[in-house]
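Shown next: model-v1.cif, given as mmCIF, C-alpha atoms.
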```cif
data_work
loop_
_atom_site.group_PDB
_atom_site.id
_atom_site.type_symbol
_atom_site.label_atom_id
_atom_site.label_comp_id
_atom_site.auth_asym_id
_atom_site.auth_seq_id
_atom_site.Cartn_x
_atom_site.Cartn_y
_atom_site.Cartn_z
ATOM 1 C CA MET A 1 110.236 -49.174 32.528
ATOM 2 C CA SER A 2 109.977 -52.658 33.987
ATOM 3 C CA TYR A 3 110.291 -55.729 31.806
ATOM 4 C CA TYR A 4 109.475 -59.267 32.847
ATOM 5 C CA LEU A 5 111.000 -62.254 31.045
ATOM 6 C CA GLY A 6 108.983 -65.427 30.652
ATOM 7 C CA ILE A 7 110.354 -68.809 29.513
ATOM 8 C CA ASP A 8 108.389 -71.924 28.579
ATOM 9 C CA THR A 9 109.763 -75.217 27.225
ATOM 10 C CA SER A 10 106.670 -77.318 26.654
ATOM 11 C CA ASN A 11 106.398 -80.628 24.857
ATOM 12 C CA TYR A 12 105.965 -78.982 21.452
ATOM 13 C CA THR A 13 107.226 -75.378 21.587
ATOM 14 C CA THR A 14 110.283 -73.454 22.764
ATOM 15 C CA SER A 15 109.284 -69.915 23.708
ATOM 16 C CA ALA A 16 110.365 -66.763 25.518
ATOM 17 C CA ALA A 17 108.500 -63.487 26.022
ATOM 18 C CA LEU A 18 108.955 -60.023 27.497
ATOM 19 C CA TYR A 19 106.092 -58.261 29.266
ATOM 20 C CA ASP A 20 106.334 -54.450 29.305
ATOM 21 C CA SER A 21 104.482 -53.304 32.422
ATOM 22 C CA GLU A 22 104.230 -49.675 31.288
ATOM 23 C CA ARG A 23 102.732 -50.386 27.870
ATOM 24 C CA MET A 24 101.048 -53.613 29.084
ATOM 25 C CA SER A 25 102.338 -55.292 25.944
ATOM 26 C CA VAL A 26 104.055 -58.578 25.139
ATOM 27 C CA VAL A 27 106.801 -59.382 22.654
ATOM 28 C CA GLN A 28 107.495 -63.074 22.146
ATOM 29 C CA GLN A 29 109.589 -65.512 20.161
ATOM 30 C CA LYS A 30 108.743 -69.178 19.774
ATOM 31 C CA LYS A 31 109.601 -72.189 17.652
ATOM 32 C CA LEU A 32 107.930 -75.562 17.289
ATOM 33 C CA LEU A 33 109.944 -78.646 18.080
ATOM 34 C CA PRO A 34 110.615 -80.696 14.917
ATOM 35 C CA VAL A 35 108.454 -83.791 14.452
ATOM 36 C CA ARG A 36 109.017 -86.261 11.627
ATOM 37 C CA GLN A 37 106.360 -86.539 8.932
ATOM 38 C CA GLY A 38 103.776 -89.150 9.817
ATOM 39 C CA GLU A 39 104.533 -89.179 13.540
ATOM 40 C CA CYS A 40 102.136 -87.929 16.228
ATOM 41 C CA GLY A 41 104.544 -86.486 18.767
ATOM 42 C CA LEU A 42 107.946 -86.610 20.429
ATOM 43 C CA ARG A 43 109.625 -88.681 23.085
ATOM 44 C CA GLN A 44 110.608 -86.595 26.097
ATOM 45 C CA SER A 45 114.300 -87.272 25.487
ATOM 46 C CA ASP A 46 113.954 -85.805 21.975
ATOM 47 C CA ALA A 47 111.967 -82.826 23.281
ATOM 48 C CA VAL A 48 114.677 -82.073 25.844
ATOM 49 C CA PHE A 49 117.386 -82.287 23.178
ATOM 50 C CA HIS A 50 115.578 -79.899 20.829
ATOM 51 C CA HIS A 51 114.858 -77.393 23.622
ATOM 52 C CA VAL A 52 118.561 -77.360 24.527
ATOM 53 C CA GLN A 53 119.306 -76.494 20.900
ATOM 54 C CA GLN A 54 116.512 -73.968 20.388
ATOM 55 C CA LEU A 55 116.195 -72.031 23.653
ATOM 56 C CA PRO A 56 119.464 -70.034 23.315
ATOM 57 C CA GLN A 57 118.423 -69.017 19.789
ATOM 58 C CA ILE A 58 114.949 -67.986 20.938
ATOM 59 C CA ILE A 59 116.290 -65.854 23.804
ATOM 60 C CA GLU A 60 118.903 -64.261 21.532
ATOM 61 C CA GLN A 61 116.203 -63.351 19.003
ATOM 62 C CA LEU A 62 113.985 -61.930 21.729
ATOM 63 C CA LEU A 63 116.713 -59.806 23.290
ATOM 64 C CA ASN A 64 118.456 -58.829 20.036
ATOM 65 C CA SER A 65 116.947 -55.325 19.908
ATOM 66 C CA PHE A 66 116.078 -55.057 23.600
ATOM 67 C CA ASP A 67 117.809 -52.202 25.440
ATOM 68 C CA GLY A 68 115.964 -52.169 28.770
ATOM 69 C CA GLU A 69 116.505 -53.942 32.065
ATOM 70 C CA ILE A 70 114.802 -57.145 33.132
ATOM 71 C CA THR A 71 113.112 -56.783 36.520
ATOM 72 C CA ALA A 72 112.261 -60.449 37.165
ATOM 73 C CA ILE A 73 112.107 -63.808 35.409
ATOM 74 C CA GLY A 74 109.247 -66.283 35.324
ATOM 75 C CA VAL A 75 109.415 -69.855 34.037
ATOM 76 C CA SER A 76 107.135 -72.853 33.575
ATOM 77 C CA SER A 77 108.627 -75.558 35.784
ATOM 78 C CA LYS A 78 105.929 -78.258 35.579
ATOM 79 C CA PRO A 79 102.817 -79.139 33.584
ATOM 80 C CA ARG A 80 100.187 -78.238 36.200
ATOM 81 C CA ASP A 81 99.765 -77.302 39.846
ATOM 82 C CA ALA A 82 99.403 -80.781 41.306
ATOM 83 C CA GLU A 83 101.532 -82.995 43.487
ATOM 84 C CA GLY A 84 103.895 -85.087 41.372
ATOM 85 C CA SER A 85 103.295 -83.068 38.214
ATOM 86 C CA TYR A 86 106.513 -83.384 36.222
ATOM 87 C CA MET A 87 107.763 -83.485 32.639
ATOM 88 C CA PRO A 88 111.484 -83.519 31.721
ATOM 89 C CA CYS A 89 111.197 -80.903 28.964
ATOM 90 C CA PHE A 90 110.415 -78.178 31.525
ATOM 91 C CA THR A 91 113.797 -78.710 33.202
ATOM 92 C CA VAL A 92 115.495 -77.046 30.222
ATOM 93 C CA GLY A 93 113.632 -73.777 30.679
ATOM 94 C CA HIS A 94 113.883 -73.927 34.460
ATOM 95 C CA GLY A 95 117.639 -74.449 34.375
ATOM 96 C CA THR A 96 118.159 -71.597 31.925
ATOM 97 C CA ALA A 97 115.930 -69.291 33.985
ATOM 98 C CA ARG A 98 117.909 -70.090 37.147
ATOM 99 C CA ALA A 99 121.187 -69.245 35.411
ATOM 100 C CA LEU A 100 119.821 -65.964 34.019
ATOM 101 C CA SER A 101 118.341 -65.012 37.396
ATOM 102 C CA SER A 102 121.695 -65.562 39.090
ATOM 103 C CA ALA A 103 123.652 -63.707 36.396
ATOM 104 C CA LEU A 104 121.272 -60.716 36.321
ATOM 105 C CA GLN A 105 120.660 -60.739 40.082
ATOM 106 C CA VAL A 106 116.886 -60.572 39.653
ATOM 107 C CA PRO A 107 114.102 -62.628 41.284
ATOM 108 C CA LEU A 108 112.974 -65.920 39.748
ATOM 109 C CA TYR A 109 109.364 -67.103 39.962
ATOM 110 C CA THR A 110 108.132 -70.550 38.915
ATOM 111 C CA PHE A 111 104.673 -71.366 37.600
ATOM 112 C CA SER A 112 102.878 -74.279 35.987
ATOM 113 C CA HIS A 113 102.518 -74.492 32.226
ATOM 114 C CA GLN A 114 98.751 -74.716 32.659
ATOM 115 C CA ASN A 115 98.567 -71.514 34.689
ATOM 116 C CA GLY A 116 100.625 -69.812 31.980
ATOM 117 C CA HIS A 117 98.001 -70.830 29.426
ATOM 118 C CA ILE A 118 95.219 -69.452 31.611
ATOM 119 C CA ALA A 119 97.092 -66.179 32.178
ATOM 120 C CA ALA A 120 97.739 -65.821 28.428
ATOM 121 C CA ALA A 121 94.003 -66.178 27.806
ATOM 122 C CA LEU A 122 93.168 -63.511 30.409
ATOM 123 C CA TYR A 123 95.774 -61.131 29.004
ATOM 124 C CA SER A 124 94.935 -61.526 25.328
ATOM 125 C CA SER A 125 91.152 -61.443 25.847
ATOM 126 C CA LYS A 126 91.586 -58.229 27.860
ATOM 127 C CA HIS A 127 89.900 -59.679 30.929
ATOM 128 C CA THR A 128 92.715 -59.534 33.456
ATOM 129 C CA GLU A 129 90.201 -58.407 36.081
ATOM 130 C CA LEU A 130 89.289 -62.087 36.446
ATOM 131 C CA VAL A 131 92.558 -62.594 38.333
ATOM 132 C CA LYS A 132 90.682 -61.182 41.327
ATOM 133 C CA GLU A 133 87.550 -63.345 41.092
ATOM 134 C CA PRO A 134 86.526 -66.980 40.649
ATOM 135 C CA PHE A 135 86.126 -68.363 37.128
ATOM 136 C CA LEU A 136 86.083 -71.636 35.227
ATOM 137 C CA ALA A 137 89.010 -72.311 32.887
ATOM 138 C CA PHE A 138 89.393 -74.996 30.250
ATOM 139 C CA HIS A 139 92.900 -75.963 29.135
ATOM 140 C CA VAL A 140 92.507 -77.994 25.953
ATOM 141 C CA SER A 141 95.636 -78.958 24.041
ATOM 142 C CA GLY A 142 97.718 -81.895 22.862
ATOM 143 C CA GLY A 143 98.957 -82.580 26.378
ATOM 144 C CA THR A 144 95.937 -81.615 28.473
ATOM 145 C CA THR A 145 92.154 -81.654 28.400
ATOM 146 C CA GLU A 146 91.063 -80.319 31.761
ATOM 147 C CA ALA A 147 88.608 -77.950 33.371
ATOM 148 C CA VAL A 148 89.654 -76.154 36.556
ATOM 149 C CA LEU A 149 87.901 -73.811 38.945
ATOM 150 C CA VAL A 150 90.211 -70.846 39.499
ATOM 151 C CA GLN A 151 90.329 -68.834 42.719
ATOM 152 C CA PRO A 152 92.452 -65.727 43.427
ATOM 153 C CA ASP A 153 95.430 -66.380 45.685
ATOM 154 C CA THR A 154 97.902 -63.855 47.083
ATOM 155 C CA GLU A 155 100.771 -66.340 47.097
ATOM 156 C CA THR A 156 100.415 -67.944 43.658
ATOM 157 C CA ILE A 157 98.205 -65.294 41.886
ATOM 158 C CA PHE A 158 95.537 -67.946 41.476
ATOM 159 C CA LYS A 159 95.017 -71.531 42.536
ATOM 160 C CA VAL A 160 93.127 -74.166 40.610
ATOM 161 C CA GLU A 161 90.862 -77.074 41.480
ATOM 162 C CA LEU A 162 90.454 -79.834 38.905
ATOM 163 C CA VAL A 163 86.749 -80.361 38.179
ATOM 164 C CA GLY A 164 86.773 -82.127 34.799
ATOM 165 C CA LYS A 165 89.215 -84.077 32.651
ATOM 166 C CA THR A 166 89.611 -86.560 29.849
ATOM 167 C CA LEU A 167 89.672 -90.206 30.834
ATOM 168 C CA ASP A 168 91.673 -91.274 27.780
ATOM 169 C CA LEU A 169 92.911 -89.147 24.849
ATOM 170 C CA ASN A 170 93.523 -85.418 25.007
ATOM 171 C CA ALA A 171 91.608 -83.359 22.442
ATOM 172 C CA GLY A 172 94.808 -82.232 20.719
ATOM 173 C CA GLN A 173 96.003 -85.838 20.511
ATOM 174 C CA LEU A 174 92.734 -86.796 18.868
ATOM 175 C CA ILE A 175 93.011 -83.990 16.328
ATOM 176 C CA ASP A 176 96.625 -84.875 15.539
ATOM 177 C CA ARG A 177 95.858 -88.583 15.141
ATOM 178 C CA VAL A 178 92.982 -87.875 12.771
ATOM 179 C CA GLY A 179 95.103 -85.311 10.934
ATOM 180 C CA VAL A 180 98.045 -87.687 10.479
ATOM 181 C CA MET A 181 95.593 -90.330 9.239
ATOM 182 C CA LEU A 182 94.484 -87.792 6.605
ATOM 183 C CA GLY A 183 98.107 -87.114 5.616
ATOM 184 C CA LEU A 184 98.466 -83.734 7.326
ATOM 185 C CA GLY A 185 101.657 -82.408 8.908
ATOM 186 C CA PHE A 186 102.077 -82.474 12.702
ATOM 187 C CA PRO A 187 100.757 -80.568 14.593
ATOM 188 C CA CYS A 188 97.597 -80.912 12.525
ATOM 189 C CA GLY A 189 95.167 -78.424 14.067
ATOM 190 C CA ARG A 190 95.452 -75.596 11.548
ATOM 191 C CA GLU A 191 95.305 -77.803 8.436
ATOM 192 C CA LEU A 192 92.438 -79.838 9.881
ATOM 193 C CA GLU A 193 90.495 -76.623 10.523
ATOM 194 C CA GLN A 194 91.104 -75.438 6.948
ATOM 195 C CA LEU A 195 89.781 -78.733 5.585
ATOM 196 C CA ALA A 196 86.762 -78.639 7.893
ATOM 197 C CA MET A 197 85.871 -75.107 6.793
ATOM 198 C CA ARG A 198 85.358 -76.451 3.262
ATOM 199 C CA SER A 199 82.845 -79.072 4.407
ATOM 200 C CA THR A 200 79.093 -78.534 4.026
ATOM 201 C CA ALA A 201 78.143 -81.797 5.735
ATOM 202 C CA ALA A 202 75.497 -81.857 8.466
ATOM 203 C CA ILE A 203 77.447 -83.664 11.167
ATOM 204 C CA LYS A 204 75.547 -85.166 14.077
ATOM 205 C CA ALA A 205 77.957 -85.382 16.997
ATOM 206 C CA LYS A 206 77.458 -86.227 20.636
ATOM 207 C CA ALA A 207 79.556 -86.199 23.777
ATOM 208 C CA THR A 208 80.604 -89.230 25.805
ATOM 209 C CA LEU A 209 80.654 -88.034 29.408
ATOM 210 C CA LYS A 210 81.056 -89.606 32.815
ATOM 211 C CA GLU A 211 79.780 -86.975 35.242
ATOM 212 C CA THR A 212 82.033 -83.967 34.450
ATOM 213 C CA ASP A 213 84.778 -86.043 32.786
ATOM 214 C CA CYS A 214 84.919 -87.021 29.123
ATOM 215 C CA CYS A 215 86.062 -89.825 26.830
ATOM 216 C CA LEU A 216 87.563 -88.972 23.432
ATOM 217 C CA SER A 217 89.188 -92.158 22.134
ATOM 218 C CA GLY A 218 85.952 -93.379 20.572
ATOM 219 C CA ILE A 219 85.915 -90.338 18.282
ATOM 220 C CA GLU A 220 89.162 -91.462 16.674
ATOM 221 C CA ASN A 221 87.552 -94.810 15.837
ATOM 222 C CA ILE A 222 84.467 -93.090 14.413
ATOM 223 C CA CYS A 223 86.623 -90.872 12.177
ATOM 224 C CA ARG A 224 88.800 -93.777 11.006
ATOM 225 C CA LYS A 225 85.752 -95.861 10.131
ATOM 226 C CA ALA A 226 84.125 -92.978 8.241
ATOM 227 C CA TYR A 227 87.297 -92.287 6.251
ATOM 228 C CA ALA A 228 87.773 -95.977 5.434
ATOM 229 C CA GLU A 229 84.196 -96.080 4.128
ATOM 230 C CA GLY A 230 84.843 -93.194 1.741
ATOM 231 C CA MET A 231 83.972 -90.017 3.630
ATOM 232 C CA SER A 232 85.973 -87.048 2.291
ATOM 233 C CA LYS A 233 88.877 -85.520 4.182
ATOM 234 C CA GLU A 234 86.876 -82.315 4.561
ATOM 235 C CA ASP A 235 83.899 -84.067 6.146
ATOM 236 C CA VAL A 236 86.069 -86.233 8.426
ATOM 237 C CA SER A 237 87.860 -83.094 9.612
ATOM 238 C CA LEU A 238 84.565 -81.384 10.427
ATOM 239 C CA MET A 239 83.306 -84.529 12.151
ATOM 240 C CA CYS A 240 86.366 -84.591 14.418
ATOM 241 C CA LEU A 241 86.009 -80.938 15.404
ATOM 242 C CA ARG A 242 82.247 -81.159 15.958
ATOM 243 C CA TYR A 243 82.730 -84.066 18.351
ATOM 244 C CA VAL A 244 85.383 -82.115 20.283
ATOM 245 C CA GLU A 245 83.104 -79.074 20.456
ATOM 246 C CA LYS A 246 80.161 -81.159 21.703
ATOM 247 C CA THR A 247 82.375 -82.815 24.304
ATOM 248 C CA VAL A 248 83.781 -79.574 25.721
ATOM 249 C CA ALA A 249 80.333 -77.959 25.686
ATOM 250 C CA GLY A 250 78.855 -80.924 27.543
ATOM 251 C CA MET A 251 81.558 -80.776 30.193
ATOM 252 C CA CYS A 252 81.051 -77.040 30.618
ATOM 253 C CA GLU A 253 77.282 -77.362 31.023
ATOM 254 C CA ARG A 254 77.624 -80.035 33.699
ATOM 255 C CA ILE A 255 80.331 -78.185 35.622
ATOM 256 C CA LEU A 256 78.384 -74.914 35.673
ATOM 257 C CA ALA A 257 75.271 -76.787 36.805
ATOM 258 C CA GLU A 258 77.194 -78.440 39.653
ATOM 259 C CA TYR A 259 79.430 -75.580 40.811
ATOM 260 C CA GLY A 260 77.388 -72.508 39.910
ATOM 261 C CA LYS A 261 77.541 -69.918 37.148
ATOM 262 C CA VAL A 262 80.909 -68.156 36.822
ATOM 263 C CA PRO A 263 82.797 -66.599 33.890
ATOM 264 C CA VAL A 264 84.299 -69.172 31.526
ATOM 265 C CA VAL A 265 87.757 -68.927 29.943
ATOM 266 C CA PHE A 266 89.084 -71.241 27.225
ATOM 267 C CA ALA A 267 92.835 -71.693 26.732
ATOM 268 C CA GLY A 268 95.117 -74.052 24.855
ATOM 269 C CA GLY A 269 95.856 -74.637 21.194
ATOM 270 C CA VAL A 270 92.654 -76.573 20.420
ATOM 271 C CA MET A 271 90.597 -73.589 21.547
ATOM 272 C CA SER A 272 92.003 -71.424 18.748
ATOM 273 C CA ASP A 273 89.994 -73.451 16.226
ATOM 274 C CA LYS A 274 87.347 -71.121 14.760
ATOM 275 C CA ILE A 275 84.641 -73.782 14.411
ATOM 276 C CA ILE A 276 84.929 -74.783 18.062
ATOM 277 C CA LYS A 277 85.431 -71.217 19.292
ATOM 278 C CA ASP A 278 82.405 -69.766 17.495
ATOM 279 C CA SER A 279 80.097 -72.451 18.861
ATOM 280 C CA LEU A 280 81.321 -72.215 22.473
ATOM 281 C CA SER A 281 81.279 -68.408 22.387
ATOM 282 C CA GLU A 282 77.625 -68.446 21.379
ATOM 283 C CA LYS A 283 76.665 -70.974 24.050
ATOM 284 C CA PHE A 284 78.584 -69.637 27.033
ATOM 285 C CA GLY A 285 79.650 -66.040 26.280
ATOM 286 C CA ALA A 286 83.121 -67.276 27.107
ATOM 287 C CA TYR A 287 86.503 -65.570 26.822
ATOM 288 C CA PHE A 288 89.206 -66.974 24.544
ATOM 289 C CA ALA A 289 92.889 -66.336 24.064
ATOM 290 C CA GLU A 290 93.759 -64.755 20.743
ATOM 291 C CA PRO A 291 95.151 -67.417 18.363
ATOM 292 C CA VAL A 292 98.768 -66.233 18.765
ATOM 293 C CA PHE A 293 98.375 -66.689 22.538
ATOM 294 C CA SER A 294 96.398 -69.951 22.388
ATOM 295 C CA ALA A 295 99.147 -72.405 21.540
ATOM 296 C CA ASP A 296 102.073 -73.057 23.884
ATOM 297 C CA ASN A 297 103.938 -69.808 24.603
ATOM 298 C CA ALA A 298 105.769 -67.918 27.335
ATOM 299 C CA ALA A 299 103.527 -64.847 27.201
ATOM 300 C CA GLY A 300 101.306 -65.996 30.049
ATOM 301 C CA THR A 301 104.355 -66.873 32.141
ATOM 302 C CA ALA A 302 105.806 -63.387 31.602
ATOM 303 C CA PHE A 303 102.474 -61.833 32.622
ATOM 304 C CA LEU A 304 102.293 -64.036 35.733
ATOM 305 C CA CYS A 305 105.842 -62.980 36.584
ATOM 306 C CA TYR A 306 104.748 -59.338 36.494
ATOM 307 C CA LEU A 307 101.708 -60.041 38.688
ATOM 308 C CA LYS A 308 103.756 -62.034 41.193
ATOM 309 C CA HIS A 309 106.476 -59.397 41.429
ATOM 310 C CA THR A 310 104.032 -56.544 41.950
ATOM 311 C CA VAL A 311 101.497 -58.285 44.205
#
```
Any chance you could put this one into structure tokens?
Amino acid sequence: MSYYLGIDTSNYTTSAALYDSERMSVVQQKKLLPVRQGECGLRQSDAVFHHVQQLPQIIEQLLNSFDGEITAIGVSSKPRDAEGSYMPCFTVGHGTARALSSALQVPLYTFSHQNGHIAAALYSSKHTELVKEPFLAFHVSGGTTEAVLVQPDTETIFKVELVGKTLDLNAGQLIDRVGVMLGLGFPCGRELEQLAMRSTAAIKAKATLKETDCCLSGIENICRKAYAEGMSKEDVSLMCLRYVEKTVAGMCERILAEYGKVPVVFAGGVMSDKIIKDSLSEKFGAYFAEPVFSADNAAGTAFLCYLKHTV
């Protein structure tokens, strides 16, 4: 059997995964980076420090009961496939992957964190056939809110063209800022969703778009004003998520109108929210990563490693 090791050291999660090519299954280990109560993120220097501490533990846990042989190693080395794309936290995973590749004498393949998210969505939604055809992918998280047109590519598995983006806040940043305002723990997505599910309010939300790009910072101000005026935590939470859903839906409609109808894939932690997912699924018949594969993880990187090695 052939096993492919994936490593990802993103801004919020340390993760490693093994892809079993015979069973087409993934085993993964991951751990959130610690963030102090009341804060909305980490400085890169702190993220690097925590990855250095956590990555050896994660790999040890992953390989603890593993008795096979690793065929190749894949790692996220940058945020996205674009010139100048760089974030210090990815150097921790890349350096570890290089050392393991040399020690095990196996090939090393590098990918972008964004492409790992997209691959995780294809794998977990059981639509890996899309690797061979064009599709539209949204990557919506704390660090990214982008839409990319994806084309198959023999060298890199697939290549992406940016066709939509946020012009200010990322959707995950918005959710975390509203969540911290409401007293929730960071990252706030899951707790915010639980609060929103208890709301029965009829929220009227609209998107602020500039062609196929979006603006999200105004939503934070709307939520803060509503909370200050006495709106309940449950209703504010639903308001935040409804605005995000309307924004992503508006972007998707405009992109499909401009570039033509293609399958749509949603990836990233924000897209695991049930309220947003149910609405977008109904509108676009889109494919989503399963929740365990939505947030930052190395599963997509391990799957890309397999595809690259066997292309």
(message) Counting all atoms listed in the file, find residues at most 6 Å from (106.9, -76.7, 35.9) (file frame) and give them as an NGL selection string.
(response) :A and (76-79 or 90 or 112)
(request) Determine the residue set returned by the PyMOL selection byres ((chain A and resi 138-147) around 9) for the present structure, and present it as a ChimeraX atom specification. (result) /A:11-12,79,114,117-118,136-137,148-149,161-166,169-176,187,212-213,248,251-252,255,264-271,295-296
Evaluate the PyMOL selection byres ((chain A and resi 68) around 9) and report residues as a short mmCIF file (atom, residue, chain, number, x, y, z; two decimals) with C-alpha atoms, in the frame of the given file:
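As written to disk, part12.cif reads:
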```cif
data_model
loop_
_atom_site.label_atom_id
_atom_site.label_comp_id
_atom_site.auth_asym_id
_atom_site.auth_seq_id
_atom_site.Cartn_x
_atom_site.Cartn_y
_atom_site.Cartn_z
CA MET A 1 110.24 -49.17 32.53
CA SER A 2 109.98 -52.66 33.99
CA TYR A 3 110.29 -55.73 31.81
CA PHE A 66 116.08 -55.06 23.60
CA ASP A 67 117.81 -52.20 25.44
CA GLU A 69 116.50 -53.94 32.06
CA ILE A 70 114.80 -57.14 33.13
#
```
Please return the centre and edge lengths, in Å to one decimal, of a box with edges along x, y and z that contains all listed atoms of region 121-137 of chain A, widened by 6 Å on every side, as AutoDock Vina command-line options.
```
--center_x 90.9 --center_y -65.3 --center_z 33.3 --size_x 21.7 --size_y 26.1 --size_z 28.0
```
(request) Tell me which of A:Phe186, A:Tyr109, A:Phe158, A:Tyr227 sits closest to Gly41 (chain A), counting all atoms listed in the file. (result)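 Distance minimum relative to Gly41 (chain A) lands on A:Phe186.
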(request) Would you mind listing what lies within 10 Å of region 51-56 of chain A as number ranges by chain, with all atoms listed in the file counted and same-chain residues fewer than 4 positions away left out? (result) A: 7-16, 29-33, 46-47, 60-62, 89-93, 96
Now that the selection is made, can you save its residues with C-alpha atoms as a compact mmCIF listing (two decimals), in the coordinates of the input?
```
# COMPACT_ATOMS: atom_id res chain seq x y z
CA ILE A 7 110.35 -68.81 29.51
CA ASP A 8 108.39 -71.92 28.58
CA THR A 9 109.76 -75.22 27.22
CA SER A 10 106.67 -77.32 26.65
CA ASN A 11 106.40 -80.63 24.86
CA TYR A 12 105.96 -78.98 21.45
CA THR A 13 107.23 -75.38 21.59
CA THR A 14 110.28 -73.45 22.76
CA SER A 15 109.28 -69.92 23.71
CA ALA A 16 110.36 -66.76 25.52
CA GLN A 29 109.59 -65.51 20.16
CA LYS A 30 108.74 -69.18 19.77
CA LYS A 31 109.60 -72.19 17.65
CA LEU A 32 107.93 -75.56 17.29
CA LEU A 33 109.94 -78.65 18.08
CA ASP A 46 113.95 -85.80 21.98
CA ALA A 47 111.97 -82.83 23.28
CA GLU A 60 118.90 -64.26 21.53
CA GLN A 61 116.20 -63.35 19.00
CA LEU A 62 113.98 -61.93 21.73
CA CYS A 89 111.20 -80.90 28.96
CA PHE A 90 110.42 -78.18 31.52
CA THR A 91 113.80 -78.71 33.20
CA VAL A 92 115.50 -77.05 30.22
CA GLY A 93 113.63 -73.78 30.68
CA THR A 96 118.16 -71.60 31.92
```
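Closest approach to Ala120 (chain A) from the set A:Ala249, A:Val178, A:Val236, A:Val26 is made by A:Val26, with distances taken over only C-alpha atoms.
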(message) Residue by residue, what does the PyMOL selection byres ((chain A and resi 204) around 9) grab here? Present the result as a PyMOL selection string.
(response) chain A and resi 202-203+205-206+239+242-243
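Across A:Val27, A:Leu238, A:Ala302, A:Met181, the tightest approach to Ala97 (chain A) is made by A:Ala302 when counting only C-alpha atoms.
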(request) Quote the spacing between CA of Cys40 (chain A) and CA of Gln28 (chain A) in Å to one decimal place. (result) 26.1 Å
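Atom to atom, CA of Ile219 (chain A) and CA of Val244 (chain A) stand 8.5 Å apart.
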(request) Please indicate the distance in Å from CA of Arg23 (chain A) to CA of Gly95 (chain A), rounded to one decimal place. (result) 29.0 Å
(request) Tell me which of A:Glu290, A:Asp20, A:Asp273, A:Glu245 sits closest to Ala207 (chain A), counting all atoms listed in the file. (result)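 When distances to Ala207 (chain A) are compared using all atoms listed in the file, the smallest one comes from A:Glu245.
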(message) I need the residue nearest Gly183 (chain A) from this list: A:Gly38, A:Ala17, A:Ala72, A:Met87. Use all atoms listed in the file for the distance.
(response) A:Gly38
